[in-house]
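What follows is a set of notes on a single structure, which appears directly below.
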Amino acid sequence: MLKNIAVLVSGGGTNLQALIDAQKSGIIKSGKITAVISSSKNAYALTRAENAGIKTFVVSKKELGSQDKFEEEIIKILGSEKIDLIVLAGFMCILTENFTSRYPKRIINVHPSLIPSFCGKGFYGLKVHEAALKYGVKVSGATVHFVNEIPDGGEIIMQKAVSVRKNDTPETLQKRIMQNAEWKILPKSAEYVCRNLLKNEKDK
Ligand code: GAR
């Protein structure tokens, strides 16, 4: 049986779109996106999910009042939706060990740099590309990794390098890394993990 995938988002959702498209084109064939959970009710990612006929949920830390309640609510949804794999795709909230330890090797995240550069607490979205340009690296890229209690510290699944150009701004670099790296390795990694979950079941 196909593995149920939940995608956690906070914003525009272009990585979610890449996952939806990869499912349509058959790149993702061992799993199915059955839920999208957004930390913000205004995220355009929610519209993308609705357009694809995927069930959506909004879980707002602000409205719930604490990190504990925020995580509890997400855990409840993941349980009721029988989720096998959690994909963080532009999810801009930190998850504590209380959450991550429940799903060992079942949470993956896409980060817009070559880990271990420009990652960890405070490095998200455009800030990552600002830091890369400030440092002067000639190559950046994206990483998909398993999520554990250390921000951006879990085992690496896939990486893809992207050249930095002389006149890059954080915005142009971000766009090129998304197009050439993130949108490619995130769907591939989701398929890889789902396929392994299926394989492990069969071997039992
Ligand atoms: C992506 O570049 C993603 O790698 C990054 O935010 C962007 C979200 O875009 N995530 C992080 O920085 C997490 N540390 P999207 O909503 O269009 O997918």
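By convention here, the chains of the structure tokens are called A, B, ... in the order presented, each chain's residues are numbered starting at 1, and ligands are numbered starting at 1 in the order presented.
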
Hey, which bits of chain A sit within 7 Å of ligand 1, and for each residue what's the closest pair of atoms and how far apart in Å (one decimal), counting only C-alpha atoms and all ligand atoms, rows by chain and increasing number, as CSV?
residue,atom,partner,partner_atom_place_in_ligand_line,distance
A:Val9,CA,ligand 1,16 (O),6.4
A:Ser10,CA,ligand 1,16 (O),6.4
A:Gly11,CA,ligand 1,16 (O),4.5
A:Gly12,CA,ligand 1,16 (O),4.0
A:Gly13,CA,ligand 1,16 (O),3.5
A:Thr14,CA,ligand 1,17 (O),3.6
A:Asn15,CA,ligand 1,18 (O),3.8
A:Leu16,CA,ligand 1,18 (O),6.0
A:Ala45,CA,ligand 1,16 (O),6.9
A:Ala89,CA,ligand 1,18 (O),5.3
A:Gly90,CA,ligand 1,8 (C),3.6
A:Phe91,CA,ligand 1,13 (C),6.1
A:Met92,CA,ligand 1,13 (C),5.8
A:Val110,CA,ligand 1,4 (O),5.1
A:His111,CA,ligand 1,4 (O),4.3
A:Pro112,CA,ligand 1,4 (O),4.2
A:Phe123,CA,ligand 1,14 (N),6.2
A:Tyr124,CA,ligand 1,12 (O),3.3
A:Gly125,CA,ligand 1,12 (O),3.8
A:Val128,CA,ligand 1,12 (O),6.9
A:Gln174,CA,ligand 1,2 (O),6.5
A:Met178,CA,ligand 1,2 (O),5.9
A:Glu182,CA,ligand 1,4 (O),6.6

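Take CA of Arg165 in chain A and CA of Gly120 in chain A: the distance between them is 24.4 Å.
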
Next item on the list: Within 12 Å of Lys76 in chain A, counting only C-alpha atoms, which residues show up once you throw out same-chain ones fewer than 6 positions away? Write them as number ranges by chain, please.
Entry: A: 37, 57, 59, 69-70, 82-83, 99

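When only C-alpha atoms are used to measure the gap to Gly141 in chain A, the shortest distance among A:Asn109, A:Ser39, A:Thr172, A:Asn180 belongs to A:Asn180.
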
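If you look at CA of Gly154 in chain A and CA of Leu114 in chain A, they are 13.2 Å away from each other.
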